[in-house]
Amino acid sequence: MSTARDPIAPDDPRMRDYTGPQVTALLRELRKRGRPYGLLWGSASATETTLDGRLLVDFGNAPVSTLLNLLHLLRDAERNEAWER
């Protein structure tokens, strides 16, 4: 069972509301959920750099929306694996 979800755009106004500590918590979740799939970002961190008011994540200066979209994909993959068991 798959749920179609539109990706979050980098210019989504909600991306301006994320703080450094929130992004750090999301990165911890990304590391945990991504590890079984071989996705490792040990040095990723929230940066002080912003793009038009949006905090960037330091794994190639990606916007927070990229981090959230990756987490959505990993959560969907975990949910689908549970259905396949």
# chains A, B, ... in the order shown; residues from 1 in each chain; ligands from 1
>>> residues_around(residues="A:Pro7", least_positions_apart="2", cutoff="8 Å", atoms="only C-alpha atoms", output="MDAnalysis selection string")
chainID A and resid 5 9 69
>>> write_last_selection(atoms="N, CA and C atoms", output="short mmCIF file (atom, residue, chain, number, x, y, z; two decimals), in the first residue's frame")
data_model
loop_
_atom_site.label_atom_id
_atom_site.label_comp_id
_atom_site.auth_asym_id
_atom_site.auth_seq_id
_atom_site.Cartn_x
_atom_site.Cartn_y
_atom_site.Cartn_z
N ARG A 5 2.30 11.27 -2.27
CA ARG A 5 2.49 12.51 -1.52
C ARG A 5 3.32 13.45 -2.38
N ALA A 9 8.15 21.69 -1.43
CA ALA A 9 8.99 22.58 -2.24
C ALA A 9 9.93 23.37 -1.34
N ASN A 69 11.63 15.64 2.75
CA ASN A 69 11.23 14.73 1.67
C ASN A 69 11.92 13.38 1.79
#
>>> atom_distance(atom1="atom CA of A:Arg16", atom2="atom CA of A:Arg28")
19.9 Å
>>> residues_around(residues="A:Arg14", least_positions_apart="3", cutoff="12 Å", atoms="only C-alpha atoms", output="VMD selection string")
chain A and resid 8 to 11 17 to 19 53 to 55 63 to 65 68
>>> atom_distance(atom1="atom CA of A:Tyr37", atom2="atom CA of A:Val23")
20.9 Å
>>> atom_distance(atom1="atom CA of A:Ala77", atom2="atom CA of A:Pro21")
25.7 Å
>>> closest_residue(among="A:Leu74, A:Glu81, A:Thr66, A:Asp12", to="A:Lys32", atoms="only C-alpha atoms")
A:Leu74
>>> closest_residue(among="A:Pro13, A:Leu39, A:Arg33, A:Gln22", to="A:Arg79", atoms="only C-alpha atoms")
A:Arg33
